[in-house]
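Pasting coords_20.cif here (mmCIF, C-alpha atoms):
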data_input
loop_
_atom_site.label_atom_id
_atom_site.label_comp_id
_atom_site.auth_asym_id
_atom_site.auth_seq_id
_atom_site.Cartn_x
_atom_site.Cartn_y
_atom_site.Cartn_z
CA MET M 1 -21.96 -5.32 -1.49
CA GLN M 2 -22.52 -8.12 -3.98
CA GLU M 3 -25.37 -10.54 -3.61
CA ASN M 4 -24.31 -14.10 -3.04
CA GLY M 5 -24.76 -16.37 -6.02
CA ALA M 6 -24.52 -20.16 -6.23
CA ARG M 7 -22.96 -22.16 -8.99
CA GLY M 8 -25.49 -23.65 -11.35
CA VAL M 9 -28.03 -20.84 -10.86
CA LYS M 10 -29.83 -20.17 -14.13
CA THR M 11 -31.07 -16.59 -14.62
CA LEU M 12 -33.29 -15.23 -17.39
CA LEU M 13 -33.18 -11.55 -18.26
CA SER M 14 -36.42 -10.91 -20.14
CA LYS M 15 -37.34 -8.34 -22.78
CA ALA M 16 -34.07 -6.40 -22.68
CA ARG M 17 -32.90 -4.27 -25.59
CA VAL M 18 -29.24 -5.13 -26.00
CA PHE M 19 -26.21 -3.03 -26.83
CA ASP M 20 -23.78 -5.87 -27.52
CA GLY M 21 -20.60 -3.77 -27.27
CA VAL M 22 -20.22 -3.49 -31.05
CA SER M 23 -23.44 -2.65 -32.88
CA PRO M 24 -24.42 1.03 -33.30
CA GLN M 25 -28.02 0.28 -32.41
CA LEU M 26 -29.99 -1.66 -29.81
CA SER M 27 -31.53 -5.04 -30.49
CA GLU M 28 -35.21 -5.75 -30.39
CA PRO M 29 -36.42 -6.96 -26.96
CA SER M 30 -34.53 -10.17 -26.24
CA PHE M 31 -34.21 -12.94 -23.66
CA ILE M 32 -30.74 -13.46 -22.22
CA THR M 33 -29.79 -16.57 -20.26
CA VAL M 34 -27.01 -16.41 -17.65
CA VAL M 35 -25.51 -19.55 -16.13
CA ASP M 36 -22.48 -19.78 -13.81
CA GLY M 37 -21.58 -16.14 -14.32
CA LYS M 38 -21.54 -16.29 -18.12
CA PHE M 39 -23.99 -15.53 -20.89
CA GLU M 40 -25.32 -18.81 -22.26
CA ALA M 41 -27.79 -17.68 -24.92
CA ILE M 42 -29.54 -14.65 -26.41
CA ASP M 43 -32.94 -15.44 -27.90
CA ALA M 44 -35.64 -13.47 -29.70
CA THR M 45 -38.34 -15.45 -27.89
CA ARG M 46 -38.60 -16.74 -24.35
CA PRO M 47 -36.61 -19.99 -24.09
CA LYS M 48 -38.23 -23.09 -22.70
CA GLY M 49 -37.20 -24.62 -19.41
CA ARG M 50 -37.00 -23.70 -15.76
CA PHE M 51 -35.08 -20.73 -14.42
CA ASP M 52 -33.98 -20.11 -10.86
CA CYS M 53 -34.43 -16.37 -11.29
CA GLU M 54 -36.16 -14.21 -13.89
CA VAL M 55 -35.72 -10.43 -14.20
CA ASP M 56 -38.23 -8.55 -16.35
CA LEU M 57 -36.38 -5.61 -17.91
CA ALA M 58 -39.38 -4.32 -19.82
CA GLY M 59 -37.47 -2.85 -22.76
CA ARG M 60 -34.64 -1.28 -20.77
CA THR M 61 -31.10 -1.40 -22.19
CA LEU M 62 -28.73 -4.21 -21.25
CA MET M 63 -25.12 -3.38 -22.09
CA PRO M 64 -21.64 -4.63 -21.15
CA GLY M 65 -20.13 -3.40 -17.90
CA LEU M 66 -17.80 -0.46 -18.38
CA ILE M 67 -14.02 -0.95 -18.58
CA ASP M 68 -11.61 1.74 -17.38
CA ALA M 69 -8.27 1.00 -19.02
CA HIS M 70 -6.30 3.67 -17.15
CA PHE M 71 -7.05 3.46 -13.43
CA HIS M 72 -4.90 3.94 -10.33
CA ALA M 73 -6.48 2.33 -7.28
CA PHE M 74 -3.48 3.35 -5.18
CA ALA M 75 -3.48 6.99 -6.34
CA THR M 76 -5.25 7.98 -3.15
CA GLU M 77 -4.01 11.59 -3.13
CA THR M 78 -4.04 14.26 -5.83
CA ASP M 79 -0.47 14.95 -4.73
CA THR M 80 0.92 11.50 -5.52
CA ALA M 81 4.11 12.13 -3.54
CA LYS M 82 2.00 11.80 -0.39
CA CYS M 83 1.14 8.22 -1.34
CA GLU M 84 4.77 7.34 -0.64
CA ARG M 85 4.54 8.44 3.00
CA TYR M 86 1.67 6.31 4.28
CA PRO M 87 1.90 2.71 5.52
CA GLN M 88 1.18 0.26 2.73
CA THR M 89 -1.52 -1.44 4.80
CA TYR M 90 -3.32 1.90 5.09
CA GLU M 91 -2.97 2.57 1.37
CA ALA M 92 -4.38 -0.88 0.58
CA GLN M 93 -7.55 -0.02 2.46
CA ARG M 94 -7.89 3.29 0.66
CA ALA M 95 -7.32 1.53 -2.66
CA ARG M 96 -10.08 -0.90 -1.75
CA LEU M 97 -12.48 2.02 -1.33
CA ASN M 98 -11.50 3.36 -4.76
CA LEU M 99 -12.22 -0.02 -6.32
CA GLU M 100 -15.56 -0.44 -4.57
CA ALA M 101 -16.64 3.03 -5.68
CA ALA M 102 -15.61 2.32 -9.30
CA LEU M 103 -17.79 -0.80 -9.33
CA LEU M 104 -20.75 1.19 -8.03
CA ARG M 105 -20.28 3.63 -10.92
CA GLY M 106 -20.70 0.75 -13.38
CA PHE M 107 -17.04 -0.06 -14.06
CA THR M 108 -16.99 -3.84 -13.79
CA THR M 109 -13.37 -4.05 -15.01
CA ILE M 110 -10.38 -1.80 -14.49
CA ARG M 111 -6.82 -1.92 -15.79
CA ASP M 112 -4.52 -0.62 -13.06
CA VAL M 113 -1.49 0.99 -14.71
CA GLY M 114 0.63 1.65 -11.64
CA GLY M 115 0.18 0.56 -8.04
CA GLY M 116 -2.25 -2.34 -8.10
CA ASP M 117 -0.55 -5.68 -7.46
CA HIS M 118 -1.09 -9.40 -7.09
CA GLY M 119 -2.44 -9.06 -3.56
CA THR M 120 -5.08 -6.56 -4.61
CA TRP M 121 -6.06 -8.75 -7.55
CA LEU M 122 -6.22 -11.88 -5.39
CA ALA M 123 -8.43 -10.25 -2.76
CA ALA M 124 -10.81 -9.07 -5.49
CA GLU M 125 -10.84 -12.47 -7.21
CA GLN M 126 -11.65 -14.21 -3.94
CA GLY M 127 -14.50 -11.80 -3.26
CA LEU M 128 -13.01 -10.38 -0.07
CA PHE M 129 -14.54 -7.04 -1.05
CA PRO M 130 -16.77 -5.84 -3.92
CA SER M 131 -14.49 -4.92 -6.79
CA PRO M 132 -14.26 -4.70 -10.54
CA ARG M 133 -12.15 -7.30 -12.27
CA ILE M 134 -8.56 -6.11 -12.05
CA PHE M 135 -5.81 -6.26 -14.66
CA PHE M 136 -2.61 -5.02 -13.06
CA CYS M 137 1.03 -4.24 -13.85
CA GLY M 138 2.37 -3.81 -10.34
CA ARG M 139 4.46 -0.66 -10.14
CA ALA M 140 5.19 1.33 -13.28
CA PHE M 141 8.80 1.77 -14.39
CA SER M 142 10.41 5.22 -14.26
CA GLN M 143 13.97 6.34 -14.84
CA SER M 144 15.56 8.55 -12.22
CA GLY M 145 14.21 12.03 -12.80
CA GLY M 146 11.40 10.61 -14.92
CA HIS M 147 7.66 10.88 -14.59
CA GLY M 148 7.50 8.35 -11.75
CA ASP M 149 10.13 10.14 -9.64
CA ALA M 150 8.22 11.94 -6.88
CA ARG M 151 11.30 13.60 -5.34
CA ALA M 152 11.57 17.36 -5.37
CA PRO M 153 14.64 18.66 -7.26
CA TYR M 154 16.46 19.48 -4.01
CA GLU M 155 16.02 15.97 -2.55
CA SER M 156 18.78 13.38 -2.84
CA SER M 157 18.29 9.78 -1.84
CA ASP M 158 22.04 9.47 -1.17
CA LEU M 159 21.83 12.10 1.54
CA CYS M 160 18.37 11.87 3.04
CA GLY M 161 17.03 8.43 2.21
CA CYS M 162 13.95 10.01 0.64
CA ALA M 163 13.75 7.95 -2.56
CA PRO M 164 10.21 6.75 -3.25
CA ARG M 165 9.57 3.27 -1.94
CA GLY M 166 7.30 2.47 -4.85
CA ALA M 167 3.64 3.18 -4.10
CA LEU M 168 2.89 3.71 -7.80
CA SER M 169 6.23 3.30 -9.57
CA ASP M 170 9.81 2.11 -9.22
CA LEU M 171 12.95 4.04 -10.17
CA LEU M 172 15.03 1.86 -12.49
CA ASP M 173 18.09 2.70 -14.56
CA GLY M 174 19.87 0.44 -17.03
CA VAL M 175 18.90 -2.58 -19.10
CA ASP M 176 19.74 -5.13 -16.41
CA ALA M 177 17.65 -3.38 -13.77
CA LEU M 178 14.68 -3.15 -16.11
CA ARG M 179 14.95 -6.79 -17.18
CA LYS M 180 14.98 -7.94 -13.57
CA ALA M 181 12.04 -5.72 -12.62
CA SER M 182 10.09 -6.94 -15.65
CA ARG M 183 10.71 -10.57 -14.80
CA GLU M 184 9.70 -10.01 -11.19
CA ALA M 185 6.48 -8.25 -12.17
CA LEU M 186 5.60 -11.00 -14.63
CA ARG M 187 6.44 -13.68 -12.06
CA GLN M 188 3.95 -12.01 -9.75
CA GLY M 189 1.21 -12.27 -12.36
CA ALA M 190 1.32 -8.87 -14.05
CA HIS M 191 -1.06 -8.72 -17.00
CA HIS M 192 1.05 -6.02 -18.68
CA LEU M 193 4.06 -3.81 -17.94
CA LYS M 194 4.00 -0.01 -17.76
CA ILE M 195 6.83 2.36 -18.61
CA PHE M 196 7.07 6.17 -18.61
CA MET M 197 8.41 7.52 -21.91
CA SER M 198 7.69 11.25 -21.65
CA GLY M 199 7.28 13.83 -18.93
CA GLY M 200 4.00 14.18 -17.11
CA ILE M 201 1.76 16.32 -14.95
CA SER M 202 2.02 14.85 -11.47
CA THR M 203 5.80 14.83 -10.86
CA PRO M 204 8.06 17.86 -10.35
CA SER M 205 11.26 17.35 -12.33
CA ASP M 206 10.21 16.16 -15.80
CA PRO M 207 9.12 18.57 -18.55
CA ILE M 208 6.35 17.21 -20.77
CA TRP M 209 8.76 17.07 -23.75
CA TYR M 210 11.38 15.01 -21.87
CA LEU M 211 12.11 11.73 -23.70
CA GLN M 212 12.70 9.06 -21.09
CA PHE M 213 14.67 5.79 -21.09
CA SER M 214 17.10 4.75 -23.81
CA ASP M 215 16.01 2.63 -26.74
CA ASP M 216 17.86 -0.35 -25.30
CA GLU M 217 16.07 0.00 -21.97
CA ILE M 218 12.64 0.19 -23.61
CA ALA M 219 13.40 -2.72 -25.94
CA ALA M 220 14.39 -4.86 -22.95
CA VAL M 221 11.01 -4.33 -21.27
CA VAL M 222 9.14 -5.07 -24.50
CA ASP M 223 11.21 -8.22 -25.02
CA GLU M 224 10.48 -9.53 -21.53
CA ALA M 225 6.77 -8.86 -21.91
CA ARG M 226 6.52 -10.51 -25.33
CA ARG M 227 8.30 -13.66 -24.21
CA ARG M 228 5.71 -13.96 -21.43
CA ARG M 229 2.89 -13.24 -23.94
CA ARG M 230 2.16 -9.93 -22.29
CA TYR M 231 2.47 -6.37 -23.60
CA VAL M 232 3.79 -2.94 -22.63
CA ALA M 233 1.81 0.22 -21.96
CA ALA M 234 3.65 3.54 -22.16
CA HIS M 235 2.85 6.92 -20.69
CA ALA M 236 3.59 9.17 -23.69
CA TYR M 237 2.29 12.65 -24.48
CA THR M 238 4.41 13.92 -27.35
CA ALA M 239 4.49 12.78 -30.95
CA ASP M 240 8.17 11.86 -30.78
CA SER M 241 7.75 9.81 -27.60
CA ILE M 242 4.76 7.99 -29.13
CA MET M 243 6.68 7.28 -32.34
CA ARG M 244 9.55 5.83 -30.30
CA ALA M 245 7.10 3.69 -28.38
CA VAL M 246 5.44 2.07 -31.40
CA ASN M 247 8.77 1.64 -33.21
CA LEU M 248 10.08 -0.25 -30.18
CA GLY M 249 7.02 -2.49 -29.86
CA VAL M 250 4.86 -0.79 -27.23
CA ARG M 251 1.20 -1.81 -27.64
CA SER M 252 -0.74 0.71 -25.54
CA ILE M 253 -0.14 4.48 -25.61
CA GLU M 254 -1.47 6.23 -22.51
CA HIS M 255 -2.81 9.79 -22.90
CA GLY M 256 -1.26 10.74 -26.27
CA ASN M 257 -2.47 14.36 -26.06
CA LEU M 258 0.26 15.83 -28.30
CA ILE M 259 0.10 13.24 -31.08
CA ASP M 260 0.21 14.37 -34.71
CA LEU M 261 -1.27 12.76 -37.83
CA PRO M 262 1.88 10.98 -39.11
CA THR M 263 2.42 9.48 -35.66
CA ALA M 264 -1.22 8.44 -35.38
CA ARG M 265 -0.92 6.66 -38.71
CA ALA M 266 2.14 4.83 -37.41
CA VAL M 267 0.20 3.77 -34.30
CA ALA M 268 -2.62 2.44 -36.46
CA ALA M 269 -0.22 0.61 -38.77
CA ALA M 270 1.42 -1.06 -35.77
CA GLY M 271 -1.95 -2.25 -34.47
CA ALA M 272 -1.39 -0.37 -31.21
CA PHE M 273 -3.99 1.41 -29.06
CA VAL M 274 -4.25 4.92 -27.66
CA VAL M 275 -6.05 5.38 -24.33
CA PRO M 276 -7.19 9.00 -23.89
CA THR M 277 -7.82 10.29 -20.34
CA LEU M 278 -9.62 13.61 -20.76
CA VAL M 279 -11.32 13.66 -17.39
CA THR M 280 -8.16 13.81 -15.29
CA TYR M 281 -7.20 17.17 -16.84
CA ASP M 282 -10.73 18.51 -16.60
CA ALA M 283 -11.07 17.50 -12.93
CA LEU M 284 -7.65 18.90 -12.03
CA TYR M 285 -8.49 22.16 -13.79
CA ARG M 286 -11.83 22.53 -12.00
CA PHE M 287 -11.11 21.06 -8.59
CA GLY M 288 -7.37 20.41 -8.32
CA ASN M 289 -6.51 23.41 -6.19
CA ASP M 290 -9.16 22.60 -3.56
CA ALA M 291 -8.28 18.88 -3.75
CA GLY M 292 -4.64 19.53 -2.84
CA ALA M 293 -2.96 19.09 -6.21
CA PRO M 294 0.65 20.39 -6.15
CA SER M 295 1.46 23.64 -7.92
CA HIS M 296 3.72 21.96 -10.51
CA SER M 297 0.79 19.79 -11.65
CA LEU M 298 -1.51 22.77 -12.11
CA GLU M 299 1.21 24.70 -13.95
CA LYS M 300 1.88 21.87 -16.42
CA LEU M 301 -1.81 21.27 -17.01
CA ALA M 302 -2.16 24.00 -19.63
CA GLU M 303 0.30 22.21 -21.93
CA VAL M 304 -1.94 19.20 -22.47
CA ARG M 305 -5.51 19.83 -21.23
CA GLU M 306 -7.24 21.07 -24.38
CA ARG M 307 -4.97 19.13 -26.74
CA GLY M 308 -6.59 15.85 -25.74
CA PHE M 309 -9.68 16.65 -27.84
CA ASP M 310 -7.55 17.29 -30.93
CA ALA M 311 -5.69 14.04 -30.28
CA ILE M 312 -8.93 12.07 -30.41
CA ARG M 313 -9.93 13.70 -33.69
CA ILE M 314 -6.50 12.93 -35.16
CA CYS M 315 -6.53 9.32 -33.98
CA ARG M 316 -10.04 8.72 -35.33
CA SER M 317 -9.05 10.10 -38.73
CA ALA M 318 -6.00 7.80 -38.79
CA GLY M 319 -7.97 4.68 -37.82
CA VAL M 320 -6.33 4.23 -34.40
CA ARG M 321 -8.10 1.95 -31.96
CA LEU M 322 -9.09 4.24 -29.09
CA GLY M 323 -9.58 2.85 -25.61
CA PHE M 324 -11.23 4.54 -22.65
CA GLY M 325 -9.46 5.61 -19.44
CA THR M 326 -9.64 8.18 -16.67
CA ASP M 327 -6.32 8.42 -14.73
CA LEU M 328 -7.95 10.17 -11.78
CA LEU M 329 -6.19 10.89 -8.51
CA GLY M 330 -7.37 11.11 -4.91
CA SER M 331 -10.84 12.53 -4.34
CA LEU M 332 -11.14 13.24 -8.08
CA HIS M 333 -11.96 9.56 -8.69
CA ALA M 334 -15.55 10.64 -8.03
CA TYR M 335 -15.66 12.19 -11.53
CA GLN M 336 -14.82 8.93 -13.32
CA ARG M 337 -17.96 8.95 -15.47
CA ASP M 338 -17.35 12.54 -16.63
CA GLU M 339 -15.15 10.99 -19.30
CA PHE M 340 -18.33 10.18 -21.24
CA HIS M 341 -19.62 13.72 -21.69
CA LEU M 342 -16.08 15.01 -22.40
CA ARG M 343 -15.56 12.43 -25.15
CA ALA M 344 -18.98 13.40 -26.55
CA ARG M 345 -17.53 16.76 -27.58
CA VAL M 346 -15.58 15.03 -30.34
CA GLU M 347 -17.08 11.56 -30.77
CA ALA M 348 -20.43 9.89 -31.42
CA ALA M 349 -21.98 7.88 -28.61
CA PRO M 350 -21.55 4.45 -30.30
CA ASP M 351 -17.82 5.08 -30.73
CA ILE M 352 -17.43 6.10 -27.09
CA LEU M 353 -19.35 3.06 -25.87
CA ARG M 354 -17.30 0.69 -28.03
CA SER M 355 -14.13 2.25 -26.56
CA ALA M 356 -15.37 1.62 -23.02
CA THR M 357 -16.45 -1.96 -23.75
CA SER M 358 -15.33 -4.14 -26.67
CA ILE M 359 -12.25 -2.15 -27.72
CA ASN M 360 -10.92 -2.02 -24.17
CA ALA M 361 -11.58 -5.75 -23.92
CA SER M 362 -9.40 -6.29 -27.00
CA LEU M 363 -6.68 -4.17 -25.41
CA LEU M 364 -6.82 -6.44 -22.36
CA ASP M 365 -6.60 -9.56 -24.57
CA MET M 366 -10.10 -10.46 -23.39
CA GLU M 367 -11.87 -10.20 -26.73
CA GLY M 368 -15.15 -12.11 -26.66
CA LYS M 369 -14.94 -12.57 -22.89
CA LEU M 370 -15.39 -9.01 -21.61
CA GLY M 371 -16.96 -5.91 -23.10
CA VAL M 372 -19.60 -7.78 -25.11
CA ILE M 373 -23.00 -9.37 -24.65
CA SER M 374 -22.61 -12.71 -26.37
CA PRO M 375 -22.69 -16.42 -25.49
CA GLY M 376 -19.59 -17.43 -23.54
CA ALA M 377 -18.77 -13.91 -22.35
CA PHE M 378 -18.62 -13.10 -18.66
CA ALA M 379 -21.93 -11.74 -17.36
CA ASP M 380 -20.69 -8.31 -16.31
CA PHE M 381 -23.37 -5.90 -17.45
CA LEU M 382 -25.44 -2.80 -16.76
CA ILE M 383 -29.15 -2.11 -17.01
CA VAL M 384 -29.80 1.42 -18.27
CA ASP M 385 -33.10 3.30 -18.28
CA GLY M 386 -32.94 4.71 -21.79
CA ASP M 387 -30.76 4.34 -24.87
CA PRO M 388 -27.12 5.35 -24.25
CA LEU M 389 -26.37 5.01 -27.96
CA LYS M 390 -28.56 8.08 -28.44
CA ASP M 391 -27.98 9.81 -25.09
CA ILE M 392 -24.49 9.24 -23.67
CA THR M 393 -25.29 11.48 -20.69
CA LEU M 394 -27.22 8.54 -19.22
CA LEU M 395 -23.80 7.26 -18.16
CA ALA M 396 -22.29 10.57 -17.04
CA THR M 397 -21.65 11.68 -13.47
CA GLY M 398 -24.87 12.65 -11.69
CA SER M 399 -27.13 10.65 -13.97
CA GLU M 400 -29.37 7.95 -12.50
CA GLY M 401 -29.59 6.21 -15.87
CA ILE M 402 -27.80 3.09 -14.62
CA SER M 403 -30.45 1.23 -12.64
CA GLN M 404 -28.65 -2.09 -12.10
CA ILE M 405 -25.04 -3.28 -12.08
CA TRP M 406 -24.21 -6.97 -12.45
CA SER M 407 -20.74 -8.38 -11.88
CA ARG M 408 -19.73 -12.02 -12.32
CA GLY M 409 -23.34 -12.93 -12.96
CA ARG M 410 -24.58 -11.40 -9.71
CA LYS M 411 -26.42 -8.20 -9.02
CA VAL M 412 -24.43 -5.56 -7.15
CA ARG M 413 -26.35 -3.80 -4.40
#
Starting from the file, lay out its structure as C-alpha cells.
Amino acid sequence: MQENGARGVKTLLSKARVFDGVSPQLSEPSFITVVDGKFEAIDATRPKGRFDCEVDLAGRTLMPGLIDAHFHAFATETDTAKCERYPQTYEAQRARLNLEAALLRGFTTIRDVGGGDHGTWLAAEQGLFPSPRIFFCGRAFSQSGGHGDARAPYESSDLCGCAPRGALSDLLDGVDALRKASREALRQGAHHLKIFMSGGISTPSDPIWYLQFSDDEIAAVVDEARRRRRYVAAHAYTADSIMRAVNLGVRSIEHGNLIDLPTARAVAAAGAFVVPTLVTYDALYRFGNDAGAPSHSLEKLAEVRERGFDAIRICRSAGVRLGFGTDLLGSLHAYQRDEFHLRARVEAAPDILRSATSINASLLDMEGKLGVISPGAFADFLIVDGDPLKDITLLATGSEGISQIWSRGRKVR
C-alpha cells in the first residue's frame, strides 16, 4: 500500500546520485526537494530551510519510475479468449491485482493498450488502490477476423451469440462504425486509440502477414484522434503493415518485429515511435504451455520471437525512437522486468533506460512531467542500490536492486 501524504509536505532526498532519464551517466551526490508530489529543486549542496521529512540516500541512485508503454491490465489469462467469459466485475478485481503488482515492480506509469478504461483510471487517480498512473485507450479496435477477434473459426455470432463482448477489444467494420467507436472512446477520456493492423499471436484466425482494415477505416480513426489532440497506436508486425500505418498517420507502432530498414527509416522520418515487447515472446516460449496459452499462440510464436532483436537493431540504425513495453498475459505478468535483460542483448543500458523513462514519457505526451528527474516533474521515482547505467540487471526480475519505490511523491510500501 502507499503511505499517506499530506499536501504541503516538503521532503529532502539527500546525497542521491541521479539518473535524470536522459544523461548517460549519474550525477554527483545531489539534494532533491519534493513538494506536493513534484520535484521542486535539485541542488549540489544542501538547501537551507526546514523540511518535514529528510531521506539520506548515501550515494544510492535516484532515477525516474519505470514506464511500461504496452500493458494489458485486463489480460488476466494467457488464453485471452477466456477473459471474455468472466463477469466484468471479477475481471476488474483481477486487473487491479495486475496494476498493484506492476507498481511494486517499479513501474509507476503504464499505458494500457486494450482493456483499461475510464473507471480503472478513475479508481487509480482517486487512490482507491495502489496503482501506477494509467494512460488508457479503452478497448482496442479489430475488424471481424482480425487480431482482436477471439472466436474460433467454427464459431458464428449469428448462430450462437458467441461474439466477444469486448474485454480487450471491439469488433468494428466500416468507416462509420470506427468513427463512432473513436468518438465514444475519446468522450470517455481515452488518452490514445488502438487499432490492429496485422495478424497476431493470441487470436486464432489471423495469420501474422494479414493486413487488416482498409485505408479509409484507418484514416478515419487517425482523423478522430487528431481532432481531439490524441494519437493512434497500431499493432503491426510486418514491414508492409508498419509502412501503411505511418503513411496513414499512426504515431505508435506496437511490436514491429518484422520491420525492415526502409520501413524503419520511414518511421523515423514521420516522427513515430516503435514499442518493442520482447518479453512476451520469451515468457510464452518458456512458460506458455504450463500457463495455459492456446496452441495457436505457441505455433505462431516462432514467426516473430527471435526477429524482435533484429528489429531493435534496425530501428536503432535508422534513428527510430524506441519505447519500452511488455505485452504480458495472465500469470506471465510476473516477468515484466525481464524486458531489461532481453533488451541488453542488443542495446546499451543508457539507451534501454531512456526508452523506459524519458522516451516513453514523450510518447505519452508527458515530456518533462514523467520519465525525468527535473524541477516541475512528477515525483515518481526509484531508489536503486548500484548504478543501473552500468548494470541493467539491477532492474531485472529477481534482482533486489530497487530498494524504494515512490509514486506521486509518496513512498510505496
The PyMOL selection byres ((chain M and resi 27) around 6) applied to the shown file, residues as a PDB file with C-alpha atoms, in the frame of the given file:
ATOM      1  CA  ARG M  17     -32.900  -4.270 -25.590  1.00  0.00           C
ATOM      2  CA  VAL M  18     -29.240  -5.130 -26.000  1.00  0.00           C
ATOM      3  CA  LEU M  26     -29.990  -1.660 -29.810  1.00  0.00           C
ATOM      4  CA  GLU M  28     -35.210  -5.750 -30.390  1.00  0.00           C
TER       5      GLU M  28
END
Subject >> For Arg50 (chain M): contacts at 10 Å, all atoms listed in the file, fewer than 4 positions along chain excluded, given as a VMD selection string >> reply: chain M and resid 10 to 12 54
Original post:
Closest to Lys390 (chain M) among M:Thr61, M:Leu261, M:Arg139, M:Ala361, using only C-alpha atoms?
Top reply: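 Checking each of M:Thr61, M:Leu261, M:Arg139, M:Ala361 against Lys390 (chain M), counting only C-alpha atoms, the winner is M:Thr61.
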Subject >> From M:Ala334, M:Ile402, M:Ala16, M:Ala272, residue lying nearest Glu100 (chain M) [only C-alpha atoms] >> reply: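 Selected residue with least distance to Glu100 (chain M): M:Ala334.
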Original post:
For this file, the PyMOL selection byres ((chain M and resi 43) around 8) selects which residues, as number ranges by chain?
Top reply: M: 30-32, 41-42, 44-47
**OP:** Apply the PyMOL selection byres ((chain M and resi 323-330) around 8) to the structure shown and report the selected residues as number ranges by chain.
**Re:** M: 67-72, 75-80, 273-280, 291, 321-322, 331-333, 335-336, 339, 352, 355-356, 359-360, 363
Hey, can you spit out that residue selection with C-alpha atoms as an mmCIF file, keeping the file's coordinate frame?
data_model
loop_
_atom_site.group_PDB
_atom_site.id
_atom_site.type_symbol
_atom_site.label_atom_id
_atom_site.label_comp_id
_atom_site.auth_asym_id
_atom_site.auth_seq_id
_atom_site.Cartn_x
_atom_site.Cartn_y
_atom_site.Cartn_z
ATOM 1 C CA ILE M 67 -14.020 -0.950 -18.580
ATOM 2 C CA ASP M 68 -11.610 1.740 -17.380
ATOM 3 C CA ALA M 69 -8.270 1.000 -19.020
ATOM 4 C CA HIS M 70 -6.300 3.670 -17.150
ATOM 5 C CA PHE M 71 -7.050 3.460 -13.430
ATOM 6 C CA HIS M 72 -4.900 3.940 -10.330
ATOM 7 C CA ALA M 75 -3.480 6.990 -6.340
ATOM 8 C CA THR M 76 -5.250 7.980 -3.150
ATOM 9 C CA GLU M 77 -4.010 11.590 -3.130
ATOM 10 C CA THR M 78 -4.040 14.260 -5.830
ATOM 11 C CA ASP M 79 -0.470 14.950 -4.730
ATOM 12 C CA THR M 80 0.920 11.500 -5.520
ATOM 13 C CA PHE M 273 -3.990 1.410 -29.060
ATOM 14 C CA VAL M 274 -4.250 4.920 -27.660
ATOM 15 C CA VAL M 275 -6.050 5.380 -24.330
ATOM 16 C CA PRO M 276 -7.190 9.000 -23.890
ATOM 17 C CA THR M 277 -7.820 10.290 -20.340
ATOM 18 C CA LEU M 278 -9.620 13.610 -20.760
ATOM 19 C CA VAL M 279 -11.320 13.660 -17.390
ATOM 20 C CA THR M 280 -8.160 13.810 -15.290
ATOM 21 C CA ALA M 291 -8.280 18.880 -3.750
ATOM 22 C CA ARG M 321 -8.100 1.950 -31.960
ATOM 23 C CA LEU M 322 -9.090 4.240 -29.090
ATOM 24 C CA SER M 331 -10.840 12.530 -4.340
ATOM 25 C CA LEU M 332 -11.140 13.240 -8.080
ATOM 26 C CA HIS M 333 -11.960 9.560 -8.690
ATOM 27 C CA TYR M 335 -15.660 12.190 -11.530
ATOM 28 C CA GLN M 336 -14.820 8.930 -13.320
ATOM 29 C CA GLU M 339 -15.150 10.990 -19.300
ATOM 30 C CA ILE M 352 -17.430 6.100 -27.090
ATOM 31 C CA SER M 355 -14.130 2.250 -26.560
ATOM 32 C CA ALA M 356 -15.370 1.620 -23.020
ATOM 33 C CA ILE M 359 -12.250 -2.150 -27.720
ATOM 34 C CA ASN M 360 -10.920 -2.020 -24.170
ATOM 35 C CA LEU M 363 -6.680 -4.170 -25.410
#
Subject >> Nearest to Gly271 (chain M) by atom-to-atom distance, counting all atoms listed in the file, from M:Gly106, M:Gly59, M:Gly319, M:Gly398 >> reply: M:Gly319
Original post:
Please, what distance in Å, to one decimal, runs between CA of Ala293 (chain M) and CA of Pro204 (chain M)?
Top reply: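 So the two atoms, CA of Ala293 (chain M) and CA of Pro204 (chain M), lie 11.8 Å apart.
Among the candidates M:Pro207, M:Val222, M:Gly308, M:His296, the residue lying nearest to Gly256 (chain M) is M:Gly308 (atoms considered: all atoms listed in the file).
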Subject >> Who sits within 9 Å of Leu301 (chain M), all atoms listed in the file, same chain under 2 positions skipped, as a ChimeraX atom specification >> reply: /M:201,281,284-285,296-299,303-305
